[in-house]
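One file, final-v2.tsv, is given below (TSV, C-alpha atoms).
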```tsv
chain	number	residue	atom	x	y	z
A	16	MET	CA	-2.58	-14.74	93.49
A	17	SER	CA	-6.03	-15.11	92.00
A	18	ASP	CA	-8.41	-12.18	92.16
A	19	LEU	CA	-11.45	-14.17	91.07
A	20	LEU	CA	-14.02	-12.66	93.45
A	21	GLU	CA	-12.94	-9.14	92.56
A	22	ARG	CA	-13.16	-9.91	88.83
A	23	LEU	CA	-16.64	-11.42	89.20
A	24	ARG	CA	-17.89	-8.41	91.15
A	25	GLY	CA	-16.37	-6.12	88.52
A	26	ARG	CA	-18.26	-7.80	85.72
A	27	GLY	CA	-21.53	-7.62	87.66
A	28	TRP	CA	-21.91	-11.39	87.91
A	29	ARG	CA	-24.72	-12.17	90.37
A	30	LEU	CA	-22.97	-13.64	93.41
A	31	THR	CA	-25.50	-15.90	95.10
A	32	ALA	CA	-24.33	-17.65	98.27
A	33	GLN	CA	-23.55	-20.77	96.24
A	34	ARG	CA	-21.60	-18.94	93.53
A	35	ARG	CA	-19.68	-16.97	96.15
A	36	VAL	CA	-18.64	-20.15	97.97
A	37	VAL	CA	-17.44	-21.79	94.74
A	38	ALA	CA	-15.44	-18.65	93.87
A	39	GLU	CA	-13.98	-18.50	97.39
A	40	VAL	CA	-12.90	-22.15	97.19
A	41	LEU	CA	-11.18	-21.50	93.86
A	42	ASP	CA	-9.50	-18.26	94.92
A	43	GLY	CA	-5.78	-18.47	95.55
A	44	GLU	CA	-2.38	-19.13	94.05
A	45	HIS	CA	-1.64	-22.48	92.36
A	46	VAL	CA	-5.25	-23.64	92.80
A	47	HIS	CA	-6.11	-26.52	90.46
A	48	LEU	CA	-9.00	-28.40	92.03
A	49	THR	CA	-11.26	-31.02	90.48
A	50	ALA	CA	-15.03	-30.40	90.54
A	51	ASP	CA	-15.38	-32.98	93.32
A	52	GLU	CA	-12.68	-31.24	95.37
A	53	VAL	CA	-14.44	-27.90	94.86
A	54	HIS	CA	-17.71	-29.49	95.99
A	55	ALA	CA	-16.13	-31.07	99.10
A	56	ARG	CA	-14.60	-27.74	100.16
A	57	ALA	CA	-17.77	-25.81	99.32
A	58	VAL	CA	-19.87	-28.16	101.50
A	59	GLU	CA	-17.61	-27.30	104.45
A	60	ARG	CA	-18.64	-23.65	104.05
A	61	LEU	CA	-22.21	-24.11	102.83
A	62	PRO	CA	-23.51	-27.60	103.71
A	63	GLU	CA	-26.61	-27.38	101.49
A	64	ILE	CA	-24.71	-26.71	98.23
A	65	SER	CA	-25.34	-29.47	95.70
A	66	ARG	CA	-22.86	-31.16	93.41
A	67	ALA	CA	-24.96	-30.04	90.42
A	68	THR	CA	-24.72	-26.39	91.52
A	69	VAL	CA	-20.93	-26.68	91.79
A	70	TYR	CA	-20.66	-28.28	88.33
A	71	ASN	CA	-23.00	-25.67	86.81
A	72	THR	CA	-21.12	-22.80	88.42
A	73	LEU	CA	-17.77	-24.14	87.23
A	74	GLY	CA	-19.20	-24.47	83.72
A	75	GLU	CA	-20.42	-20.87	83.81
A	76	LEU	CA	-17.06	-19.61	85.07
A	77	VAL	CA	-15.27	-21.42	82.24
A	78	CYS	CA	-17.77	-20.10	79.66
A	79	ILE	CA	-17.29	-16.49	80.73
A	80	GLY	CA	-13.49	-16.90	80.72
A	81	GLU	CA	-12.93	-16.40	84.44
A	82	VAL	CA	-11.66	-19.94	85.12
A	83	LEU	CA	-9.56	-22.23	82.93
A	84	GLU	CA	-10.39	-25.90	82.54
A	85	VAL	CA	-7.16	-27.92	82.66
A	86	ALA	CA	-7.21	-31.46	81.27
A	87	THR	CA	-4.41	-33.78	82.34
A	88	ASP	CA	-3.68	-37.20	80.84
A	89	GLY	CA	-6.85	-39.13	81.64
A	90	ARG	CA	-7.30	-37.58	85.07
A	91	ALA	CA	-10.27	-35.49	86.17
A	92	LYS	CA	-10.41	-31.97	84.77
A	93	ARG	CA	-9.10	-29.30	87.07
A	94	TYR	CA	-10.16	-25.67	87.38
A	95	ASP	CA	-7.66	-22.82	87.44
A	96	PRO	CA	-8.79	-19.32	88.53
A	97	ASN	CA	-5.58	-17.79	87.17
A	98	ALA	CA	-7.26	-17.11	83.82
A	99	HIS	CA	-6.05	-13.56	83.26
A	100	HIS	CA	-2.34	-13.99	83.91
A	101	ALA	CA	-0.20	-15.64	81.24
A	102	HIS	CA	1.28	-18.86	82.55
A	103	GLN	CA	1.94	-22.49	81.72
A	104	HIS	CA	1.50	-25.63	83.81
A	105	LEU	CA	3.97	-28.02	85.40
A	106	ILE	CA	2.30	-31.38	86.10
A	107	CYS	CA	3.63	-34.24	88.21
A	108	SER	CA	3.24	-37.46	86.23
A	109	GLY	CA	3.23	-39.39	89.51
A	110	CYS	CA	0.53	-37.78	91.67
A	111	GLY	CA	-1.00	-35.24	89.24
A	112	ALA	CA	-0.03	-32.13	91.24
A	113	ILE	CA	-0.16	-28.97	89.12
A	114	ARG	CA	1.80	-25.75	89.54
A	115	ASP	CA	1.56	-22.53	87.56
A	116	VAL	CA	4.90	-21.61	86.00
A	117	HIS	CA	6.05	-18.50	84.17
A	118	PRO	CA	8.82	-19.42	81.73
A	119	LEU	CA	10.91	-16.64	80.24
A	120	GLY	CA	10.35	-15.65	76.65
A	121	ASP	CA	7.40	-15.73	74.30
A	122	PRO	CA	6.17	-19.25	73.52
A	123	LEU	CA	4.80	-18.00	70.19
A	124	ALA	CA	8.27	-16.87	69.15
A	125	ALA	CA	9.55	-20.44	69.66
A	126	LEU	CA	7.43	-21.67	66.72
A	127	PRO	CA	9.37	-20.99	63.50
A	128	GLU	CA	7.46	-19.36	60.64
A	129	ALA	CA	7.98	-22.47	58.49
A	130	GLU	CA	6.21	-24.60	61.11
A	131	ARG	CA	3.11	-22.38	61.22
A	132	PHE	CA	1.81	-23.69	57.87
A	133	GLY	CA	0.10	-20.38	57.07
A	134	PHE	CA	-1.75	-20.25	60.41
A	135	THR	CA	-2.13	-16.96	62.21
A	136	VAL	CA	-1.08	-18.23	65.61
A	137	SER	CA	-2.86	-16.49	68.49
A	138	GLY	CA	-1.85	-18.53	71.51
A	139	ALA	CA	0.17	-21.40	72.91
A	140	GLU	CA	-0.41	-23.81	75.77
A	141	ILE	CA	2.70	-25.54	77.00
A	142	THR	CA	2.59	-28.24	79.64
A	143	TYR	CA	5.75	-29.31	81.41
A	144	ARG	CA	5.77	-32.79	82.96
A	145	GLY	CA	7.99	-34.41	85.54
A	146	LEU	CA	8.01	-35.73	89.09
A	147	CYS	CA	7.38	-33.47	92.08
A	148	PRO	CA	9.75	-33.67	95.07
A	149	GLN	CA	7.34	-35.95	96.99
A	150	CYS	CA	7.12	-38.45	94.13
A	151	THR	CA	10.85	-38.27	93.39
A	152	ASN	CA	11.66	-39.11	97.01
A	153	ARG	CA	9.24	-42.04	97.36
A	154	PRO	CA	10.92	-45.37	98.13
```
Take the structure from the file and write it as structure tokens.
Amino acid sequence: MSDLLERLRGRGWRLTAQRRVVAEVLDGEHVHLTADEVHARAVERLPEISRATVYNTLGELVCIGEVLEVATDGRAKRYDPNAHHAHQHLICSGCGAIRDVHPLGDPLAALPEAERFGFTVSGAEITYRGLCPQCTNRP
């Protein structure tokens, strides 16, 4: 479960009404919304919020490391509030649904020393792809 609002309060980030609404929309488990989806949900809570404010707020949240920007094969970027918990993504190649997954083991250990080419490897992003149950069961 995301703790985005709590993290933002803890870092002293000024929570205007607009910023709070964007953070509330993003808060939750397995949340991977596009900017337009964030805007649509934010407007339900705060009708006067502009698209530009949503985009700017998302950009700020990414810049300060509180939200991850997830790019998926030519689709709109998605925003993941689960920035402080190690995880990978499972993406449906049919509908684009995204789930956070927590594979066992250290992904860095899977890269043999000979394949590091002298790099000091500090992180790994692994994306699993497949079809979700809804897309698998479509006629």
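Going from atom CA of A:Gly43 over to atom CA of A:Asp95, you cover 9.4 Å.
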Would you list the contacts of A:Glu75 as a list in words, taking every protein, DNA or RNA residue within 12 Å and counting all atoms listed in the file, but skipping same-chain residues closer than 5 positions in sequence?
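The residues that qualify are Leu23, Trp28, Arg29, Arg34, Val37, Ala38, Thr68, Val69, Tyr70, Gly80, Glu81, Val82, Leu83, Glu84 and Tyr94 of chain A.
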Could you turn the residues from that selection into a file that holds C-alpha atoms, as a tab-separated table (two decimals), in the coordinates of the input?
```
chain	number	residue	atom	x	y	z
A	23	LEU	CA	-16.64	-11.42	89.20
A	28	TRP	CA	-21.91	-11.39	87.91
A	29	ARG	CA	-24.72	-12.17	90.37
A	34	ARG	CA	-21.60	-18.94	93.53
A	37	VAL	CA	-17.44	-21.79	94.74
A	38	ALA	CA	-15.44	-18.65	93.87
A	68	THR	CA	-24.72	-26.39	91.52
A	69	VAL	CA	-20.93	-26.68	91.79
A	70	TYR	CA	-20.66	-28.28	88.33
A	80	GLY	CA	-13.49	-16.90	80.72
A	81	GLU	CA	-12.93	-16.40	84.44
A	82	VAL	CA	-11.66	-19.94	85.12
A	83	LEU	CA	-9.56	-22.23	82.93
A	84	GLU	CA	-10.39	-25.90	82.54
A	94	TYR	CA	-10.16	-25.67	87.38
```
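When only C-alpha atoms are used to measure the gap to A:Ala98, the shortest distance among A:Glu59, A:Asp121, A:Asp42, A:Glu130 belongs to A:Asp42.
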Kindly indicate which residue among A:Val36, A:Ile141, A:Ile79, A:Cys150 lies nearest to A:His102, using all atoms listed in the file for the distances.
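Ranked by minimum distance to A:His102, first place goes to A:Ile141.
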Which of these, A:Cys147, A:Ala67, A:Val116, A:Ala101, has the shortest distance to A:Asp51 once you count all atoms listed in the file?
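Among the listed residues, A:Ala67 lies closest to A:Asp51.
Between atom CA of A:Arg144 and atom CA of A:Ile106 the interatomic distance comes to 4.9 Å.
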Using only C-alpha atoms, which of A:Thr49, A:Gln149, A:Thr31, A:Thr72 sits nearest A:Ala86?
A:Thr49
Between A:Glu128, A:Glu21, A:Asp88, A:Glu63, which one has atoms that come closest to A:Gln33, using only C-alpha atoms?
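Selected residue with least distance to A:Gln33: A:Glu63.
Taking atom CA of A:Lys92 and atom CA of A:His47 as the two end points, the separation is 9.0 Å.
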Rank A:Arg66, A:Arg131, A:Arg153, A:Arg35 by their smallest atom-to-atom distance to A:Gly109, using all atoms listed in the file, and report the top residue only.
A:Arg153
Any chance you could work out the axis-aligned box around stretch 68-87 of chain A, listed atoms only, 5 Å on each side, giving centre and edge lengths in Å to one decimal, as lines of an AutoDock Vina configuration file?
```
center_x = -14.6
center_y = -25.1
center_z = 85.7
size_x = 30.3
size_y = 27.4
size_z = 22.1
```
Could you pull the residues within 7 Å of A:Leu48, counting only C-alpha atoms, minus those fewer than 3 positions along the same chain, as a PDB file with C-alpha atoms, in the frame of the given file?
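The resulting file, around23.pdb, is reproduced below:
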```
ATOM      1  CA  GLU A  52     -12.680 -31.240  95.370  1.00  0.00           C
ATOM      2  CA  VAL A  53     -14.440 -27.900  94.860  1.00  0.00           C
ATOM      3  CA  ARG A  93      -9.100 -29.300  87.070  1.00  0.00           C
ATOM      4  CA  TYR A  94     -10.160 -25.670  87.380  1.00  0.00           C
TER       5      TYR A  94
END
```
Regenerate stretch 67-81 of chain A at the level of N, CA, C and O atoms and dump it as a tab-separated table (two decimals), in the coordinates of the input.
```tsv
chain	number	residue	atom	x	y	z
A	67	ALA	N	-24.51	-30.61	91.69
A	67	ALA	CA	-24.96	-30.04	90.42
A	67	ALA	C	-24.71	-28.53	90.37
A	67	ALA	O	-24.28	-28.00	89.34
A	68	THR	N	-24.96	-27.84	91.47
A	68	THR	CA	-24.72	-26.39	91.52
A	68	THR	C	-23.24	-26.09	91.33
A	68	THR	O	-22.89	-25.16	90.60
A	69	VAL	N	-22.38	-26.88	91.95
A	69	VAL	CA	-20.93	-26.68	91.79
A	69	VAL	C	-20.54	-26.90	90.33
A	69	VAL	O	-19.84	-26.07	89.74
A	70	TYR	N	-21.00	-28.00	89.73
A	70	TYR	CA	-20.66	-28.28	88.33
A	70	TYR	C	-21.19	-27.17	87.41
A	70	TYR	O	-20.49	-26.73	86.50
A	71	ASN	N	-22.42	-26.73	87.63
A	71	ASN	CA	-23.00	-25.67	86.81
A	71	ASN	C	-22.23	-24.36	86.95
A	71	ASN	O	-21.99	-23.66	85.98
A	72	THR	N	-21.87	-24.03	88.18
A	72	THR	CA	-21.12	-22.80	88.42
A	72	THR	C	-19.74	-22.86	87.78
A	72	THR	O	-19.30	-21.88	87.14
A	73	LEU	N	-19.07	-23.99	87.89
A	73	LEU	CA	-17.77	-24.14	87.23
A	73	LEU	C	-17.91	-23.98	85.72
A	73	LEU	O	-17.11	-23.31	85.08
A	74	GLY	N	-18.95	-24.59	85.16
A	74	GLY	CA	-19.20	-24.47	83.72
A	74	GLY	C	-19.42	-23.03	83.31
A	74	GLY	O	-18.90	-22.58	82.27
A	75	GLU	N	-20.18	-22.29	84.10
A	75	GLU	CA	-20.42	-20.87	83.81
A	75	GLU	C	-19.13	-20.08	83.88
A	75	GLU	O	-18.86	-19.23	83.03
A	76	LEU	N	-18.32	-20.34	84.91
A	76	LEU	CA	-17.06	-19.61	85.07
A	76	LEU	C	-16.11	-19.87	83.90
A	76	LEU	O	-15.41	-18.96	83.45
A	77	VAL	N	-16.09	-21.10	83.41
A	77	VAL	CA	-15.27	-21.42	82.24
A	77	VAL	C	-15.82	-20.69	81.01
A	77	VAL	O	-15.07	-20.08	80.26
A	78	CYS	N	-17.15	-20.73	80.82
A	78	CYS	CA	-17.77	-20.10	79.66
A	78	CYS	C	-17.53	-18.60	79.60
A	78	CYS	O	-17.35	-18.04	78.51
A	79	ILE	N	-17.50	-17.94	80.74
A	79	ILE	CA	-17.29	-16.49	80.73
A	79	ILE	C	-15.79	-16.12	80.79
A	79	ILE	O	-15.44	-14.95	80.86
A	80	GLY	N	-14.93	-17.14	80.79
A	80	GLY	CA	-13.49	-16.90	80.72
A	80	GLY	C	-12.84	-16.51	82.02
A	80	GLY	O	-11.72	-15.98	82.02
A	81	GLU	N	-13.50	-16.77	83.15
A	81	GLU	CA	-12.93	-16.40	84.44
A	81	GLU	C	-12.17	-17.55	85.11
A	81	GLU	O	-11.43	-17.34	86.06
```
